[in-house]
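**Student:** Next up, my_file10.cif (mmCIF, C-alpha atoms).
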data_input
loop_
_atom_site.label_atom_id
_atom_site.label_comp_id
_atom_site.auth_asym_id
_atom_site.auth_seq_id
_atom_site.Cartn_x
_atom_site.Cartn_y
_atom_site.Cartn_z
CA MET T 96 -42.38 27.07 -8.39
CA GLU T 97 -42.69 27.33 -12.13
CA LYS T 98 -39.48 28.28 -13.86
CA THR T 99 -38.44 28.44 -17.48
CA ASP T 100 -35.53 26.42 -18.79
CA GLY T 101 -32.03 27.53 -17.96
CA ILE T 102 -32.41 28.43 -14.30
CA GLY T 103 -29.59 27.39 -12.05
CA LYS T 104 -27.01 28.33 -14.66
CA GLU T 105 -24.33 30.85 -13.85
CA ASN T 106 -25.11 34.54 -14.27
CA GLY T 107 -24.93 35.80 -17.82
CA SER T 108 -25.55 32.39 -19.43
CA THR T 109 -27.29 32.11 -22.78
CA GLU T 110 -30.22 30.33 -21.16
CA GLU T 111 -30.72 33.07 -18.57
CA LYS T 112 -30.56 35.80 -21.21
CA GLN T 113 -33.14 33.87 -23.21
CA SER T 114 -35.40 33.68 -20.16
CA PHE T 115 -35.29 37.46 -19.87
CA LYS T 116 -36.11 37.74 -23.56
CA ASP T 117 -39.10 35.45 -23.07
CA GLY T 118 -40.52 37.78 -20.44
CA SER T 119 -39.72 35.93 -17.24
CA ILE T 120 -37.91 37.38 -14.23
CA CYS T 121 -34.63 35.43 -14.05
CA GLY T 122 -36.64 32.49 -15.37
CA TYR T 123 -39.54 32.82 -12.92
CA ASN T 124 -43.17 33.40 -13.80
CA SER T 125 -43.52 36.45 -11.56
CA LEU T 126 -41.82 38.42 -8.82
CA HIS T 127 -43.68 36.45 -6.15
CA HIS T 128 -42.58 33.11 -7.62
CA LEU T 129 -38.98 34.34 -7.60
CA LEU T 130 -39.21 35.46 -3.97
CA SER T 131 -40.97 32.35 -2.69
CA ALA T 132 -38.44 30.08 -4.40
CA ASN T 133 -35.39 31.90 -3.08
CA LEU T 134 -36.31 33.09 0.41
CA LYS T 135 -36.72 31.04 3.53
CA PRO T 136 -40.44 30.57 4.30
CA GLN T 137 -40.39 32.81 7.37
CA ILE T 138 -38.61 35.59 5.51
CA TYR T 139 -40.88 35.21 2.47
CA GLN T 140 -43.94 35.48 4.70
CA GLU T 141 -42.73 38.80 6.08
CA VAL T 142 -41.68 40.12 2.66
CA SER T 143 -45.07 39.08 1.26
CA ARG T 144 -46.83 40.91 4.09
CA LEU T 145 -44.99 44.09 3.18
CA LEU T 146 -45.53 43.71 -0.56
CA LEU T 147 -49.14 42.48 -0.59
CA GLY T 148 -50.55 43.81 2.68
CA LEU T 149 -53.09 42.10 4.91
CA ASN T 150 -56.81 41.69 4.32
CA CYS T 151 -58.75 42.05 7.58
CA GLY T 152 -55.48 41.38 9.41
CA LYS T 153 -54.70 38.17 7.51
CA THR T 154 -52.87 37.10 4.40
CA LEU T 155 -55.19 36.48 1.46
CA GLU T 156 -56.81 33.08 1.40
CA THR T 157 -57.29 31.01 -1.74
CA ILE T 158 -60.61 29.65 -2.96
CA VAL T 159 -61.47 26.17 -4.19
CA LEU T 160 -61.91 26.05 -7.95
CA PRO T 161 -63.57 23.15 -9.78
CA GLU T 162 -61.39 20.47 -11.34
CA SER T 163 -62.84 21.33 -14.75
CA ALA T 164 -61.29 24.82 -14.57
CA LYS T 165 -57.93 23.39 -13.52
CA ALA T 166 -58.11 20.88 -16.38
CA LEU T 167 -58.69 23.67 -18.89
CA SER T 168 -55.74 25.58 -17.45
CA SER T 169 -53.51 22.56 -17.84
CA LYS T 170 -54.73 21.63 -21.31
CA HIS T 171 -54.48 25.15 -22.74
CA ASP T 172 -51.43 26.23 -20.73
CA PHE T 173 -52.69 29.36 -19.03
CA ASP T 174 -51.86 30.61 -15.55
CA LEU T 175 -54.78 30.16 -13.14
CA GLN T 176 -54.76 31.83 -9.73
CA ASP T 177 -57.48 32.36 -7.14
CA PHE T 178 -57.83 34.47 -3.99
CA LYS T 179 -60.41 35.77 -1.53
CA PHE T 180 -60.87 39.28 -0.12
CA SER T 181 -62.93 39.24 3.08
CA ALA T 182 -64.72 41.99 5.00
CA ASP T 183 -65.65 42.26 8.65
CA GLN T 184 -68.95 40.65 9.60
CA GLU T 185 -71.68 43.27 9.99
CA LEU T 186 -74.82 43.17 12.12
CA LEU T 187 -77.21 44.89 9.69
CA ARG T 188 -75.88 43.86 6.27
CA GLU T 189 -75.30 40.44 4.82
CA PRO T 190 -71.96 39.84 3.04
CA ARG T 191 -71.98 40.96 -0.61
CA VAL T 192 -69.53 38.48 -2.09
CA VAL T 193 -68.89 38.73 -5.83
CA ARG T 194 -66.58 36.48 -7.83
CA VAL T 195 -64.55 38.48 -10.35
CA GLY T 196 -62.17 37.38 -13.10
CA LEU T 197 -59.42 38.98 -15.20
CA ILE T 198 -58.06 37.53 -18.44
CA GLN T 199 -54.67 38.35 -19.93
CA ASN T 200 -53.49 36.88 -23.23
CA SER T 201 -51.10 37.13 -26.12
CA ILE T 202 -52.20 37.29 -29.72
CA ALA T 203 -52.70 33.93 -31.43
CA LEU T 204 -51.22 34.38 -34.93
CA PRO T 205 -48.44 36.50 -36.43
CA THR T 206 -49.49 40.03 -37.37
CA THR T 207 -48.81 39.11 -41.01
CA ALA T 208 -51.73 36.66 -41.07
CA PRO T 209 -55.03 37.76 -42.66
CA PHE T 210 -56.91 40.02 -40.27
CA SER T 211 -59.98 37.80 -40.10
CA ASP T 212 -57.78 34.81 -39.25
CA GLN T 213 -56.04 36.78 -36.50
CA LYS T 214 -59.31 37.78 -34.87
CA ASN T 215 -60.86 34.32 -35.14
CA ALA T 216 -57.72 32.76 -33.66
CA ILE T 217 -57.97 35.08 -30.65
CA PHE T 218 -61.62 34.06 -30.24
CA GLU T 219 -60.56 30.41 -30.33
CA LYS T 220 -57.79 31.01 -27.80
CA LEU T 221 -60.02 32.88 -25.34
CA GLY T 222 -62.92 30.42 -25.46
CA PRO T 223 -61.39 27.87 -23.05
CA ILE T 224 -60.21 30.60 -20.67
CA ILE T 225 -63.71 32.10 -20.54
CA ASP T 226 -65.11 28.60 -20.07
CA ALA T 227 -62.78 28.15 -17.08
CA ALA T 228 -64.08 31.42 -15.63
CA GLY T 229 -67.67 30.32 -16.20
CA ALA T 230 -67.06 26.89 -14.68
CA SER T 231 -65.57 28.65 -11.65
CA GLY T 232 -68.71 30.71 -11.13
CA VAL T 233 -67.21 34.08 -12.09
CA ASN T 234 -69.88 36.82 -11.94
CA ILE T 235 -67.93 39.65 -13.60
CA LEU T 236 -65.16 39.10 -16.15
CA CYS T 237 -62.88 41.74 -17.69
CA LEU T 238 -60.65 41.31 -20.73
CA GLN T 239 -57.55 43.33 -21.62
CA GLU T 240 -57.47 46.50 -23.72
CA ALA T 241 -58.22 45.92 -27.42
CA TRP T 242 -58.22 42.17 -26.77
CA MET T 243 -59.58 41.35 -30.22
CA MET T 244 -56.51 42.53 -32.17
CA PRO T 245 -52.76 43.12 -31.97
CA PHE T 246 -51.91 46.40 -30.26
CA ALA T 247 -50.82 47.91 -33.56
CA PHE T 248 -51.24 51.58 -32.65
CA CYS T 249 -47.46 51.95 -32.39
CA THR T 250 -47.11 51.59 -36.16
CA ARG T 251 -49.26 54.58 -37.23
CA GLU T 252 -50.35 52.49 -40.21
CA LYS T 253 -54.02 52.97 -40.99
CA ARG T 254 -54.66 49.48 -42.30
CA TRP T 255 -55.08 48.29 -38.70
CA CYS T 256 -58.30 50.32 -38.59
CA GLU T 257 -59.93 47.34 -40.29
CA PHE T 258 -60.05 45.65 -36.87
CA ALA T 259 -62.52 48.30 -35.66
CA GLU T 260 -66.12 47.23 -35.20
CA PRO T 261 -69.41 48.67 -33.90
CA VAL T 262 -70.35 48.25 -30.24
CA ASN T 263 -72.66 45.39 -31.27
CA GLY T 264 -70.09 43.86 -33.64
CA GLU T 265 -68.67 40.36 -33.83
CA SER T 266 -66.50 40.58 -30.70
CA THR T 267 -69.49 41.64 -28.62
CA GLN T 268 -71.63 38.93 -30.20
CA PHE T 269 -68.94 36.34 -29.42
CA LEU T 270 -68.91 37.36 -25.74
CA GLN T 271 -72.69 37.70 -25.45
CA GLU T 272 -73.00 33.94 -25.86
CA PHE T 273 -70.73 33.38 -22.86
CA ALA T 274 -72.55 36.04 -20.82
CA ARG T 275 -75.85 34.23 -21.37
CA LYS T 276 -74.35 30.78 -20.85
CA TYR T 277 -72.68 31.61 -17.53
CA ASN T 278 -74.94 34.40 -16.21
CA MET T 279 -71.85 36.60 -16.31
CA VAL T 280 -71.20 40.32 -16.78
CA ILE T 281 -68.33 40.82 -19.26
CA ILE T 282 -66.26 43.97 -19.89
CA SER T 283 -64.93 43.97 -23.44
CA SER T 284 -62.40 46.62 -24.52
CA ILE T 285 -62.47 47.02 -28.31
CA LEU T 286 -61.48 49.35 -31.12
CA GLU T 287 -64.90 50.86 -31.81
CA ARG T 288 -66.16 52.23 -35.12
CA ASP T 289 -68.97 54.71 -34.44
CA ILE T 290 -71.19 54.19 -37.47
CA ASN T 291 -73.59 57.00 -36.55
CA HIS T 292 -70.89 59.66 -36.25
CA GLY T 293 -68.91 59.51 -39.46
CA GLU T 294 -67.45 56.07 -38.70
CA THR T 295 -65.12 57.67 -36.15
CA LEU T 296 -62.84 55.35 -34.15
CA TRP T 297 -62.76 55.16 -30.36
CA ASN T 298 -61.03 53.03 -27.75
CA THR T 299 -64.12 51.68 -26.03
CA ALA T 300 -65.14 49.32 -23.25
CA VAL T 301 -68.45 47.58 -23.87
CA ILE T 302 -70.35 46.41 -20.78
CA ILE T 303 -72.28 43.20 -21.50
CA GLY T 304 -74.94 42.26 -18.95
CA ASN T 305 -75.39 38.81 -17.46
CA HIS T 306 -78.36 38.21 -19.79
CA GLY T 307 -76.23 38.99 -22.85
CA ASN T 308 -77.62 42.49 -23.18
CA ILE T 309 -75.46 45.57 -23.78
CA ILE T 310 -75.67 47.74 -20.65
CA GLY T 311 -73.57 50.56 -22.05
CA LYS T 312 -70.11 51.67 -23.10
CA HIS T 313 -67.28 53.90 -21.95
CA ARG T 314 -64.65 55.52 -24.14
CA LYS T 315 -61.04 56.00 -23.05
CA ASN T 316 -60.62 59.40 -21.39
CA HIS T 317 -56.86 59.87 -21.67
CA ILE T 318 -54.83 59.09 -24.81
CA PRO T 319 -51.04 58.69 -24.44
CA ARG T 320 -48.50 60.53 -26.52
CA VAL T 321 -45.33 58.96 -25.15
CA GLY T 322 -42.81 56.60 -26.73
CA ASP T 323 -44.43 54.20 -29.18
CA PHE T 324 -47.94 54.91 -27.87
CA ASN T 325 -49.07 56.66 -31.06
CA GLU T 326 -52.75 56.07 -30.35
CA SER T 327 -53.94 59.58 -31.27
CA THR T 328 -53.21 58.62 -34.88
CA TYR T 329 -56.30 56.40 -34.60
CA TYR T 330 -58.63 57.86 -31.96
CA MET T 331 -58.92 60.82 -29.61
CA GLU T 332 -60.06 61.38 -26.03
CA GLY T 333 -63.43 59.86 -25.17
CA ASN T 334 -66.70 61.73 -24.65
CA THR T 335 -68.58 59.52 -22.18
CA GLY T 336 -67.48 61.08 -18.89
CA HIS T 337 -66.99 58.75 -15.92
CA PRO T 338 -69.98 56.38 -16.02
CA VAL T 339 -70.61 53.75 -13.38
CA PHE T 340 -72.64 50.75 -14.50
CA GLU T 341 -75.06 49.20 -12.01
CA THR T 342 -75.05 45.47 -12.73
CA ALA T 343 -76.62 42.44 -11.09
CA TYR T 344 -73.40 42.02 -9.10
CA GLY T 345 -72.45 45.54 -8.12
CA LYS T 346 -71.50 48.97 -9.44
CA ILE T 347 -68.55 48.83 -11.82
CA ALA T 348 -66.52 51.27 -13.89
CA VAL T 349 -63.71 51.05 -16.46
CA ASN T 350 -60.58 53.22 -16.36
CA ILE T 351 -58.96 52.27 -19.65
CA CYS T 352 -55.17 51.92 -19.70
CA TYR T 353 -53.47 55.37 -19.67
CA GLY T 354 -56.21 56.77 -17.46
CA ARG T 355 -54.55 55.02 -14.52
CA HIS T 356 -51.83 57.71 -14.57
CA HIS T 357 -54.46 60.40 -13.79
CA PRO T 358 -55.59 60.43 -10.13
CA LEU T 359 -58.61 62.61 -10.90
CA ASN T 360 -59.83 60.01 -13.38
CA TRP T 361 -59.85 57.40 -10.61
CA LEU T 362 -61.50 59.91 -8.27
CA ALA T 363 -64.37 60.65 -10.64
CA PHE T 364 -65.36 56.98 -10.89
CA GLY T 365 -65.36 56.83 -7.10
CA LEU T 366 -67.49 59.95 -6.76
CA ASN T 367 -70.02 58.29 -9.06
CA GLY T 368 -70.25 55.31 -6.72
CA ALA T 369 -68.04 52.61 -8.26
CA GLU T 370 -67.36 49.54 -6.12
CA ILE T 371 -65.03 47.84 -8.61
CA VAL T 372 -62.99 49.71 -11.24
CA PHE T 373 -61.32 47.73 -14.01
CA ASN T 374 -58.17 48.92 -15.75
CA PRO T 375 -57.81 47.00 -19.04
CA SER T 376 -54.38 47.87 -20.38
CA ALA T 377 -51.64 47.21 -22.92
CA THR T 378 -48.33 48.40 -21.53
CA VAL T 379 -44.68 47.41 -21.88
CA GLY T 380 -42.00 46.83 -19.30
CA GLU T 381 -39.43 49.45 -20.20
CA LEU T 382 -41.98 52.24 -19.91
CA SER T 383 -44.31 51.47 -17.04
CA GLU T 384 -43.54 48.34 -15.04
CA PRO T 385 -42.25 50.11 -11.88
CA MET T 386 -45.53 52.04 -11.79
CA TRP T 387 -47.79 49.04 -12.45
CA PRO T 388 -48.14 47.64 -8.90
CA ILE T 389 -48.44 51.12 -7.38
CA GLU T 390 -51.03 53.17 -9.26
CA ALA T 391 -54.02 50.83 -9.10
CA ARG T 392 -53.35 49.93 -5.49
CA ASN T 393 -53.13 53.59 -4.55
CA ALA T 394 -56.40 54.25 -6.38
CA ALA T 395 -58.12 51.42 -4.49
CA ILE T 396 -56.94 52.88 -1.19
CA ALA T 397 -57.72 56.51 -1.97
CA ASN T 398 -61.19 55.81 -3.39
CA SER T 399 -62.31 52.89 -1.20
CA TYR T 400 -63.08 50.48 -4.04
CA PHE T 401 -61.60 47.35 -5.59
CA VAL T 402 -59.42 47.58 -8.71
CA GLY T 403 -58.79 44.88 -11.32
CA SER T 404 -55.65 45.54 -13.40
CA ILE T 405 -55.24 43.63 -16.67
CA ASN T 406 -52.30 43.73 -19.08
CA ARG T 407 -51.68 41.68 -22.21
CA VAL T 408 -48.63 39.42 -22.60
CA GLY T 409 -46.07 38.71 -25.28
CA THR T 410 -44.10 40.61 -27.91
CA GLU T 411 -45.97 41.50 -31.09
CA ILE T 412 -43.81 41.79 -34.22
CA PHE T 413 -45.15 43.98 -37.05
CA PRO T 414 -44.28 43.70 -40.75
CA ASN T 415 -42.81 47.19 -41.15
CA PRO T 416 -40.28 48.71 -38.74
CA PHE T 417 -41.30 52.08 -37.31
CA THR T 418 -39.94 54.98 -35.27
CA SER T 419 -41.66 57.33 -32.84
CA GLY T 420 -39.57 60.49 -32.93
CA ASP T 421 -37.73 59.60 -29.71
CA GLY T 422 -34.27 59.10 -31.20
CA LYS T 423 -34.41 55.31 -31.06
CA PRO T 424 -33.58 53.30 -34.21
CA GLN T 425 -36.44 51.81 -36.15
CA HIS T 426 -37.84 48.62 -34.68
CA PRO T 427 -40.63 46.15 -35.55
CA ASP T 428 -42.13 45.65 -32.08
CA PHE T 429 -43.62 47.65 -29.22
CA GLY T 430 -41.66 45.78 -26.56
CA HIS T 431 -42.71 43.07 -24.13
CA PHE T 432 -46.23 43.25 -22.70
CA TYR T 433 -45.56 41.97 -19.20
CA GLY T 434 -48.97 40.70 -18.10
CA SER T 435 -48.87 40.74 -14.27
CA SER T 436 -52.63 41.19 -13.91
CA HIS T 437 -53.84 41.46 -10.32
CA PHE T 438 -56.49 42.77 -7.91
CA SER T 439 -56.16 45.55 -5.34
CA ALA T 440 -58.51 46.15 -2.40
CA PRO T 441 -59.50 49.31 -0.48
CA ASP T 442 -57.70 48.06 2.65
CA ALA T 443 -54.33 48.19 0.81
CA SER T 444 -54.13 44.42 0.31
CA CYS T 445 -53.57 42.98 -3.15
CA THR T 446 -53.12 39.65 -4.85
CA PRO T 447 -49.89 38.36 -6.33
CA SER T 448 -49.70 38.90 -10.07
CA LEU T 449 -50.33 36.55 -12.94
CA SER T 450 -47.43 35.48 -15.13
CA ARG T 451 -45.29 38.00 -17.02
CA TYR T 452 -45.30 35.84 -20.15
CA LYS T 453 -48.22 33.38 -20.13
CA ASP T 454 -51.92 33.74 -20.80
CA GLY T 455 -53.77 33.79 -17.52
CA LEU T 456 -57.00 33.92 -15.55
CA MET T 457 -57.09 35.60 -12.14
CA ILE T 458 -60.19 34.86 -10.04
CA SER T 459 -61.04 36.56 -6.78
CA ASP T 460 -63.95 36.59 -4.39
CA MET T 461 -64.48 40.04 -2.93
CA ASP T 462 -66.93 41.16 -0.27
CA LEU T 463 -68.10 44.58 -1.46
CA ASN T 464 -69.01 45.49 2.11
CA LEU T 465 -65.30 46.22 2.51
CA CYS T 466 -65.74 49.41 0.45
CA ARG T 467 -68.04 51.09 2.97
CA GLN T 468 -66.09 49.70 5.91
CA LEU T 469 -62.94 51.43 4.69
CA LYS T 470 -64.83 54.66 4.00
CA ASP T 471 -65.98 54.58 7.63
CA LYS T 472 -62.49 53.74 8.90
CA TRP T 473 -60.47 56.38 7.06
CA GLY T 474 -63.10 59.02 6.31
CA PHE T 475 -61.47 60.07 3.05
CA ARG T 476 -64.76 61.32 1.60
CA MET T 477 -65.59 63.23 4.77
CA THR T 478 -62.17 64.83 5.18
CA ALA T 479 -61.63 65.69 1.51
CA ARG T 480 -61.82 69.40 0.62
CA TYR T 481 -63.63 69.26 -2.69
CA GLU T 482 -64.60 72.93 -2.55
CA LEU T 483 -60.91 73.91 -2.34
CA TYR T 484 -59.98 71.58 -5.17
CA ALA T 485 -62.86 72.89 -7.29
CA ASP T 486 -61.79 76.51 -6.73
CA THR T 487 -58.20 75.70 -7.66
CA LEU T 488 -59.19 73.80 -10.79
CA ALA T 489 -61.62 76.53 -11.87
CA SER T 490 -58.88 79.12 -11.42
CA TYR T 491 -56.32 76.96 -13.24
CA LEU T 492 -58.56 76.74 -16.31
CA LYS T 493 -58.58 80.52 -16.75
CA PRO T 494 -56.07 82.08 -19.17
CA ASP T 495 -54.90 84.54 -16.50
CA PHE T 496 -54.20 81.86 -13.89
CA GLU T 497 -51.45 82.70 -11.42
CA PRO T 498 -49.94 79.92 -9.29
CA GLN T 499 -50.36 80.42 -5.54
CA VAL T 500 -46.69 80.76 -4.67
CA ILE T 501 -45.46 82.74 -1.66
CA SER T 502 -41.79 83.58 -2.03
CA ASP T 503 -39.37 84.25 0.77
CA PRO T 504 -38.94 88.06 0.68
CA LEU T 505 -35.22 87.58 1.28
CA LEU T 506 -34.82 85.08 -1.53
CA HIS T 507 -34.16 87.65 -4.26
CA LYS T 508 -32.88 90.49 -2.09
CA LYS T 509 -29.41 91.61 -3.03
CA SER T 510 -26.88 91.24 -0.30
CA SER T 511 -25.59 94.58 1.00
#
Can you dump the structure from the file as structure tokens?
**Tutor:**
Amino acid sequence: MEKTDGIGKENGSTEEKQSFKDGSICGYNSLHHLLSANLKPQIYQEVSRLLLGLNCGKTLETIVLPESAKALSSKHDFDLQDFKFSADQELLREPRVVRVGLIQNSIALPTTAPFSDQKNAIFEKLGPIIDAAGASGVNILCLQEAWMMPFAFCTREKRWCEFAEPVNGESTQFLQEFARKYNMVIISSILERDINHGETLWNTAVIIGNHGNIIGKHRKNHIPRVGDFNESTYYMEGNTGHPVFETAYGKIAVNICYGRHHPLNWLAFGLNGAEIVFNPSATVGELSEPMWPIEARNAAIANSYFVGSINRVGTEIFPNPFTSGDGKPQHPDFGHFYGSSHFSAPDASCTPSLSRYKDGLMISDMDLNLCRQLKDKWGFRMTARYELYADTLASYLKPDFEPQVISDPLLHKKSS
């Protein structure tokens, strides 16, 4: 298994501490690499079953990727993983197998470089990874949140607004060429400048069709105000609802980053018929990593759809130290973006994660028939009580709302 330098040294060594700093787990690429390298095969198989679940009663199979994709991975040093989600064979429907890809990446130049150079360097870095996805026959590809810039929203400095661009701007044009070349749907999360509405900024996912056309866009519904996530300095909550985009390869939706912490956000995409929901993100280990493998997987189970979770990698150092009113001393970086992109399925199975510190491409075949099969099995839509939830929410929105609490009559009674 892939390990960084310094493994095998005694605990507390300089090399091991450096490996933690570089974003590895004790020098390993990911949790699953650590476990597979240190557990006996039989024990690892059982641990993996508990951590990753079973798809149709079996561990996930891998798929055969072309040598050209593997060569690109080796030449450009990005993690490449591939898996297959199956569904039960049906009598009246043919399998609906779609090949889906997720890309995670670090920035390409220091944040002190000219902005145009930074953006162009990211384009240059992503080109070979997208080519590997195209060579592998990926039908739908999703990039990470604000992939075309450093995630500078921690700084509160307005000069980073220069990275914003219209929906049909240069980042979209760059990806449209790949969409046409590979007959691929691409989800591109950008910092949008809305020219028609006072040049307002939004955190926006652009959906590019497999013919290079723009199908539509979705703006981030929930904006964090926690720790260094000072995003409301730049943009506010989106105004596009919970759209589902019907593409040549299935119905998809985009739950951008912080929206994954809101179960009703996931629910709304499911109610609108999503079969795959992507969660392009930029999140750091100290804040969210224990939640990362749980929330998307739970959403896939509860809503009977597939989820693709993408997180950027690396530590981005900014020119001017900043604080965020949380009592911590000033610092020049957000923390380590821990990658770990992965897929979750409606049957509670999920893939291992990509690297915590390397660029990566995760590819998965998924039979969308599994969505309906799990709806039939568990009956979550049938057994849900939407009318009760609607009444409670309607009541909660009123200024005179009173919580429905029934107290023990003896709780506050004075003892005689």
**Student:** To one decimal place, how far is atom CA of T:Thr328 from atom CA of T:Asn406 in Å?
**Tutor:**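 Separating atom CA of T:Thr328 from atom CA of T:Asn406 is a distance of 21.7 Å.
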**Student:** Pick from T:Thr295, T:Thr478, T:Gln184, T:Ser201: nearest to T:Leu221, with only C-alpha atoms counted?
**Tutor:** T:Ser201
**Student:** With the PyMOL selection byres ((chain T and resi 144) around 12) as the selection, what would be picked from this file? Answer as a PyMOL selection string, please.
**Tutor:** chain T and resi 127+137-143+145-150+152-155+443-447
**Student:** Please return the centre and edge lengths, in Å to one decimal, of a box with edges along x, y and z that contains all listed atoms of stretch 435-449 of chain T, widened by 5 Å on every side, as AutoDock Vina command-line options.
**Tutor:**
--center_x -54.2 --center_y 42.9 --center_z -5.8 --size_x 20.6 --size_y 22.8 --size_z 26.9
**Student:** So which residues get picked by the PyMOL selection byres ((chain T and resi 465) around 9) here, written as a list in words?
**Tutor:**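 Output of the PyMOL selection byres ((chain T and resi 465) around 9): Phe180, Ser181, Ala182, Asp183, Ser399, Tyr400, Phe401, Ala440, Pro441, Asp442, Met461, Asp462, Leu463, Asn464, Cys466, Arg467, Gln468, Leu469 and Lys470 of chain T.
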**Student:** Rank nothing, just name the residue among T:Gly118, T:Pro504, T:Gly232, T:Gly196 nearest to T:Ile371, using all atoms listed in the file.
**Tutor:** T:Gly196
**Student:** Write out as JSON lines a residue-level contact list of stretch 328-395 of chain T versus stretch 268-281 of chain T with cut-off 12 Å: for each qualifying residue the closest pair of atoms and the distance in Å to one decimal, counting all atoms listed in the file, rows sorted by chain and residue number upward.
**Tutor:**
{"residue": "T:Phe340", "atom": "CA", "partner": "T:Val280", "partner_atom": "CA", "distance": 10.8}
{"residue": "T:Glu341", "atom": "CA", "partner": "T:Val280", "partner_atom": "CA", "distance": 10.8}
{"residue": "T:Thr342", "atom": "CA", "partner": "T:Val280", "partner_atom": "CA", "distance": 7.6}
{"residue": "T:Ala343", "atom": "CA", "partner": "T:Val280", "partner_atom": "CA", "distance": 8.1}
{"residue": "T:Tyr344", "atom": "CA", "partner": "T:Val280", "partner_atom": "CA", "distance": 8.2}
{"residue": "T:Gly345", "atom": "CA", "partner": "T:Val280", "partner_atom": "CA", "distance": 10.2}
{"residue": "T:Lys346", "atom": "CA", "partner": "T:Val280", "partner_atom": "CA", "distance": 11.3}
{"residue": "T:Ile347", "atom": "CA", "partner": "T:Val280", "partner_atom": "CA", "distance": 10.2}
{"residue": "T:Ala348", "atom": "CA", "partner": "T:Ile281", "partner_atom": "CA", "distance": 11.9}
{"residue": "T:Val349", "atom": "CA", "partner": "T:Ile281", "partner_atom": "CA", "distance": 11.6}
{"residue": "T:Phe373", "atom": "CA", "partner": "T:Ile281", "partner_atom": "CA", "distance": 11.2}
**Student:** Starting from the displayed file, determine the output of the PyMOL selection byres ((chain T and resi 405) around 6) and express the residue list as an mmCIF file with C-alpha atoms, in the frame of the given file.
**Tutor:**
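expr.cif, freshly written:
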data_model
loop_
_atom_site.group_PDB
_atom_site.id
_atom_site.type_symbol
_atom_site.label_atom_id
_atom_site.label_comp_id
_atom_site.auth_asym_id
_atom_site.auth_seq_id
_atom_site.Cartn_x
_atom_site.Cartn_y
_atom_site.Cartn_z
ATOM 1 C CA GLN T 239 -57.550 43.330 -21.620
ATOM 2 C CA PRO T 375 -57.810 47.000 -19.040
ATOM 3 C CA SER T 376 -54.380 47.870 -20.380
ATOM 4 C CA SER T 404 -55.650 45.540 -13.400
ATOM 5 C CA ASN T 406 -52.300 43.730 -19.080
ATOM 6 C CA SER T 436 -52.630 41.190 -13.910
#
